[in-house]
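Asks: My questions all concern the structure below.
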Amino acid sequence: METPVYPAHNYLSNGHGLKSWLLTKDHKRIAILYLISISAFFFLGGLFAVGIRLELTTPQGDLFQPDTYNKFFTLHGVIMVFFFLIPSVPAVLGNFLIPPMIGAKDLAFPRINLLSWYIYVIGGIFTLFAIVAGGVDTGWTFYTPYSSASSSTNVAATALGVFIAGFSSILTGLNFIVTIHRMRAPGLHWFKLPLFVWAHYATSLIQVLGTPVVAITIVMVFAERAFGFGIFDPQRGGDPVLFQHLFWFYSHPAVYIMILPALGVISEIVSTFSRKRIFGYSFVAFSSLAIAVFGFIVWAHHMFVAGITVYAAMVFSFLSFSVAIPSAVKVFNWSATLHRGSLSFEAPMLYVYGFFGLFLIGGLTGLFLATLGTDIHLHDTYFVVAHFHYIMVGGAIMGYLGGIHFWWPKMIGRMYSEFWSRISAILVFVGFNLTFFPQFVLGYMGMPRRYHMYPDEFQVLNVLSSGGAAVLGLGYLLPVIYLVYSIKYGEVAGNNPWGASGLEWRTQSPPLTENFLEVPTDIPEAYEYTPKVIREAKLV
Amino acid sequence: MGGIPLFPEAASSFASEVDALYLFIVAVSAFFTVAVSAAVVFFAFRYRRKHPEEIGAHIEGSLPLELLWSVIPTIIAMVMFAWGAKLFYEMRRAPAESMQIYAVGKQWMWKFQHTGGQREINELHVPVGRPIKVLVTSEDVLHDLYFPSFRTKIDAIPGRYQTLWFEATKPGRYHIFCAEYCGTKHSGMIGTVIVMEPQQYQDWLAGGGSEGTMAERGAKLFNDLACNTCHLDSGQGRGPSLKDIIGKPVELAGGQTAVVDEAYLRESILNSQAKIVKGFTPLMPTFQGLVSEEGLAALIEHIKSLSPQAAASTPAPVPAAAPSTSTPAAPAQGARR
């Protein structure tokens, strides 16, 4: 095994100083800008979660004032959903990897790509301003008429921040769609694309079609607060439930914006670490599109107790089950991929195994909420909180962290500590389950969400959950340390440290600004593992 | 799990079926979780990389398998859907003989009003073994009236009535929660439903001072607001007669028909131009902001009392006795903290 050399010329060395970063049009540098900014938001959002879990260790509500607590869970939700989860995988990994995966030099619109980062930052600044100016207490869902007529906190600034950040999401989606259509290397037809690219294509469709709806909704709330329009406030002739329809028409598909790219990551890692083609490639590819499409017709399952008719509820319950099927198909295909593979268990694969456990539980607990008879009891309880954390954190963040660990050697050109990365993957899995599993039980016991105080009988499970959160927090902090450490001190990774088959592994690590010196021409089938791939990876 | 409870008390007629459906989905979920986990863990050992050059077998996929694992989950999902939908249908249709209670959510308390005139705050006394229909609304923002031990809840939406019903099966004291976030003291908007044996319930009704039944209060309001000047019983007034209209269809000016129920009456009082009865001119002013939620409920009860046939199917009015909210509840058996 020859020792790889760190390439002297790469996208990181091409230009120094702040200006070379802030004015870059290189998709890889923009991805790094996103990585830094979303990580900052992640830990800020996490800080609010620490406040929530500390408060809930006792039933009395004795640590923070109720208004402070309400701001904590609102800001936790707003930041995690709009400023971390929605941009996470697409803006960092998608941005970095889609061009090299399809043999392109950059995205179709490099300037728009940079613009979308600036828009994201401006949206973030508005939200940070709202925090500094006293916070906001409506919950991340901004339900009317509380948000439009009752709350006296900084709803307008926060909503404006979310509104602005939405345009960043739309532009990224648009950029990906055009890039995937127009920039593929000659010979790279759709069914040779990595499933990661398919997942991002499906995600981009949702971003482009769904985000404008939430933008319009926010404008309406704004108009009601600022100018007294009677859109949602019944005192002025409006309908508060209309807001929920509009909000969930975007925000339910938004869940798939968060999870689909992570599912794409899982496909890449599963294939690489079993050195095997994904079982049922086309079923996995089309299941992403199916999830994107079905995602738009299930929104009212958030509203079974909110005054929709009995028959509307039945229709939406029925349709909600339709999303479960493509998700199940994906899980079965990944599991089948492992069969007769050549499996190895570095950190990315450990994250995938953790993902299996959490996504299974997250997905299956969705059935309790799609089923009308049980949802009536479970709606707005901690069962829902546990369910969506299993999907968004268990699914999306496990995928995101798995992806970061998988492509880190490509992004930075160096390896991180094998030992600590495995420890962190295990801590995240264990800590996550300790935190959120008790919340399923709390939910069935009847504890409503967004409660600052609670009856005594819920304390044991809450303490368990808070204890788990401490473990989870440690699991999230560790990667910051060993990944940052690896930037300078890590071993040189070489082009293809995992022996992966994707095009992005053919170029050097870190890649050149242009990704490839020549456009790749001999395009293999997706996930084609042959002895040649392993030989060329120079692992032995 | 030792001392950790897994279920809240099951104290309504559909609690046990909700629990059964829940356990069915738990069983299905556990099966798939264990099956998939066992498979991936088994593969992890069985197919662990033996030497660095090893590659996996080339397998494209399998259409029969894809069909199998699409169709079987679909069938199971349809069973869940059908069972859940059936149960939901029952949970949303109050029996005709239900006893009626009005509930109003307000930042941050629950106000209950019995047709007999009793009013309560954050406490609700109900008899065991009798279907109870609660008409729920809100004075300000969204709330949600949640009875975990009855396994049911409904959002309280300002400007409209929502209906929830239950039949308590076990005397005791159970939680009432607000389940829809409503601001500062959302978690303080909790209360207790006290389920009593019928005799104890009668005793409770009999105790305390009287301010008349809801219908009586409504009749007074009907005169105070001068409704009676137009809505003459003879039908010769400027507004339609309100006698014997409950549960019956009325023909509207636009040619449609509407069935007269609480929601219809509510709309006609607050937004009087929304539905005009055929043959009448839209003269009635809106009473939005002029009548409180309690007053509105009383007016509706008064109008309902003008339809004795329709009322015959509902239970006879309870004695006009209203214990104040501070009346200590008779300690119910099976009391629960």
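Numbering starts fresh at 1 for the residues of each chain in the structure tokens, the chains themselves are lettered A, B, ... in the order given, and ligands are numbered from 1 as they appear.
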Using only C-alpha atoms, what table do you get, as a Markdown table, when you list each residue of chain A with an atom no more than 6 Å from chain B, its nearest pair of atoms, and their distance in Å rounded to one decimal, rows by chain then rising number?

Replies:
| residue | atom | partner | partner_atom | distance |
| --- | --- | --- | --- | --- |
| A:Pro66 | CA | B:Thr184 | CA | 5.7 |
| A:Asp67 | CA | B:Thr184 | CA | 5.3 |
| A:Pro145 | CA | B:Val141 | CA | 5.5 |
| A:Tyr146 | CA | B:Val141 | CA | 5.3 |
| A:Pro234 | CA | B:Gly159 | CA | 5.8 |
| A:Arg275 | CA | B:Gly56 | CA | 5.2 |
| A:Lys276 | CA | B:Gly56 | CA | 4.8 |
| A:Phe279 | CA | B:Gly61 | CA | 4.8 |
| A:Gly280 | CA | B:Gly61 | CA | 4.3 |
| A:Val305 | CA | B:Ile154 | CA | 5.1 |
| A:Ala306 | CA | B:Asp155 | CA | 5.2 |
| A:Ser335 | CA | B:Val40 | CA | 6.0 |
| A:Arg340 | CA | B:Ala57 | CA | 5.8 |
| A:Gly341 | CA | B:Gly56 | CA | 3.9 |
| A:Ser342 | CA | B:Arg49 | CA | 4.6 |
| A:Leu343 | CA | B:Arg48 | CA | 4.6 |
| A:Ser344 | CA | B:Arg49 | CA | 5.8 |
| A:Leu364 | CA | B:Ser29 | CA | 5.6 |
| A:Thr371 | CA | B:Gly84 | CA | 5.1 |
| A:Leu372 | CA | B:Gly84 | CA | 4.8 |
| A:Gly373 | CA | B:Gly84 | CA | 4.1 |
| A:Thr374 | CA | B:Val18 | CA | 6.0 |
| A:Ile376 | CA | B:Thr152 | CA | 5.7 |
| A:His377 | CA | B:Arg151 | CA | 4.8 |
| A:Asp380 | CA | B:Ala179 | CA | 5.8 |
| A:Val441 | CA | B:Leu6 | CA | 5.9 |
| A:Met445 | CA | B:Pro8 | CA | 4.8 |
| A:Gly446 | CA | B:Pro148 | CA | 5.2 |
| A:Pro448 | CA | B:Ala179 | CA | 5.3 |
| A:Tyr451 | CA | B:Ser187 | CA | 4.7 |
| A:His452 | CA | B:Ser187 | CA | 5.7 |
| A:Met453 | CA | B:Ser187 | CA | 5.7 |

Asks: If DSSP is run on the backbone, what residues of segment 59-302 of chain A are helix (DSSP H, G or I)? A reply as a PyMOL selection string would be ideal.

Replies: chain A and resi 66-85+88-101+110-132+146-150+155-182+190-192+195-227+234-236+240-274+281-297+299-302

Asks: Could you write out, as a list in words, all the residues of segment 264-461 of chain A that DSSP marks as strand (DSSP E or B)?

Replies: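 Of segment 264-461 of chain A, the ones in strand (DSSP E or B) are Leu343, Thr381, Arg414 and Pro448 of chain A.
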
Asks: Between B:Val136, B:Val250, B:Leu124, B:Ile276, which residue has the minimum interatomic distance to Tyr201 of chain B, considering only C-alpha atoms?

Replies: B:Leu124

Asks: With only C-alpha atoms as the counted atoms, please give the residues lying no more than 6 Å from segment 467-475 of chain A, apart from itself and same-chain residues fewer than 3 positions off, as a list in words.

Replies: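 What passes the distance filter is Ser424, Leu427, Val428, Gly431, Phe432, Leu434, Thr435, Leu464 and Leu478 of chain A.
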
Asks: What does the structure give for the distance between atom CA of Ile481 of chain A and atom CA of Arg29 of chain A, in Å to one decimal?

Replies: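 Separating atom CA of Ile481 of chain A from atom CA of Arg29 of chain A is a distance of 21.0 Å.
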
Asks: For a quick check of understanding, using only C-alpha atoms, which of B:Gly172, B:His125, B:Leu145, B:Pro240 has the smallest distance to Asn228 of chain B?

Replies: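 Ranked by minimum distance to Asn228 of chain B, first place goes to B:Pro240.
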
Asks: Give me the residues near Val128 of chain B as a ChimeraX atom specification, where near means some atom within 9 Å (using only C-alpha atoms) and where sequence neighbours in that chain fewer than 3 positions away do not count.

Replies: /B:131,167-171,195-198,201

Asks: From the list A:Phe516, A:His76, A:Gln459, A:Ile86, which residue is nearest Thr138 of chain A when using only C-alpha atoms?

Replies: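 Of all the options, A:His76 lies closest to Thr138 of chain A.
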
Asks: What lies within 8 Å of segment 34-36 of chain A using only C-alpha atoms, ignoring chain neighbours under 2 positions off, as a ChimeraX atom specification?

Replies: /A:30-32,38-40,88,91-92,117

Asks: With C-alpha atoms retained, write the just-selected residues as a PDB file, in the first residue's frame.

Replies:
ATOM      1  CA  ILE A  30     -19.780  27.508  -1.025  1.00  0.00           C
ATOM      2  CA  ALA A  31     -20.495  24.094   0.484  1.00  0.00           C
ATOM      3  CA  ILE A  32     -17.845  24.791   3.121  1.00  0.00           C
ATOM      4  CA  ILE A  38     -25.314  25.548   9.477  1.00  0.00           C
ATOM      5  CA  SER A  39     -23.042  24.041  12.135  1.00  0.00           C
ATOM      6  CA  ALA A  40     -23.199  27.332  14.034  1.00  0.00           C
ATOM      7  CA  SER A  88     -28.155  20.553   5.807  1.00  0.00           C
ATOM      8  CA  ALA A  91     -26.567  22.792   0.748  1.00  0.00           C
ATOM      9  CA  VAL A  92     -23.436  21.118   2.130  1.00  0.00           C
ATOM     10  CA  TRP A 117     -25.783  31.351   0.621  1.00  0.00           C
TER      11      TRP A 117
END

Asks: Tell me which protein, DNA and RNA residues are within 9 Å of Ser282 of chain A, counting only C-alpha atoms, leaving out same-chain ones fewer than 5 positions away, and put them as a ChimeraX atom specification.

Replies: /A:191,195,287

Asks: Which residues, written as a VMD selection string, have at least one atom at most 9 Å from Met80 of chain A, with only C-alpha atoms counted and residues fewer than 5 positions away on the same chain left out?

Replies: chain A and resid 41 to 42 44 to 46 75 85 to 86

Asks: Atom CA of Ser465 of chain A and atom CA of Phe64 of chain A are how many Å apart?

Replies: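 Distance reported for this atom pair: 18.5 Å.
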
Asks: What does the structure give for the distance between atom CA of Ala108 of chain A and atom CA of Val214 of chain A, in Å to one decimal?

Replies: 26.0 Å
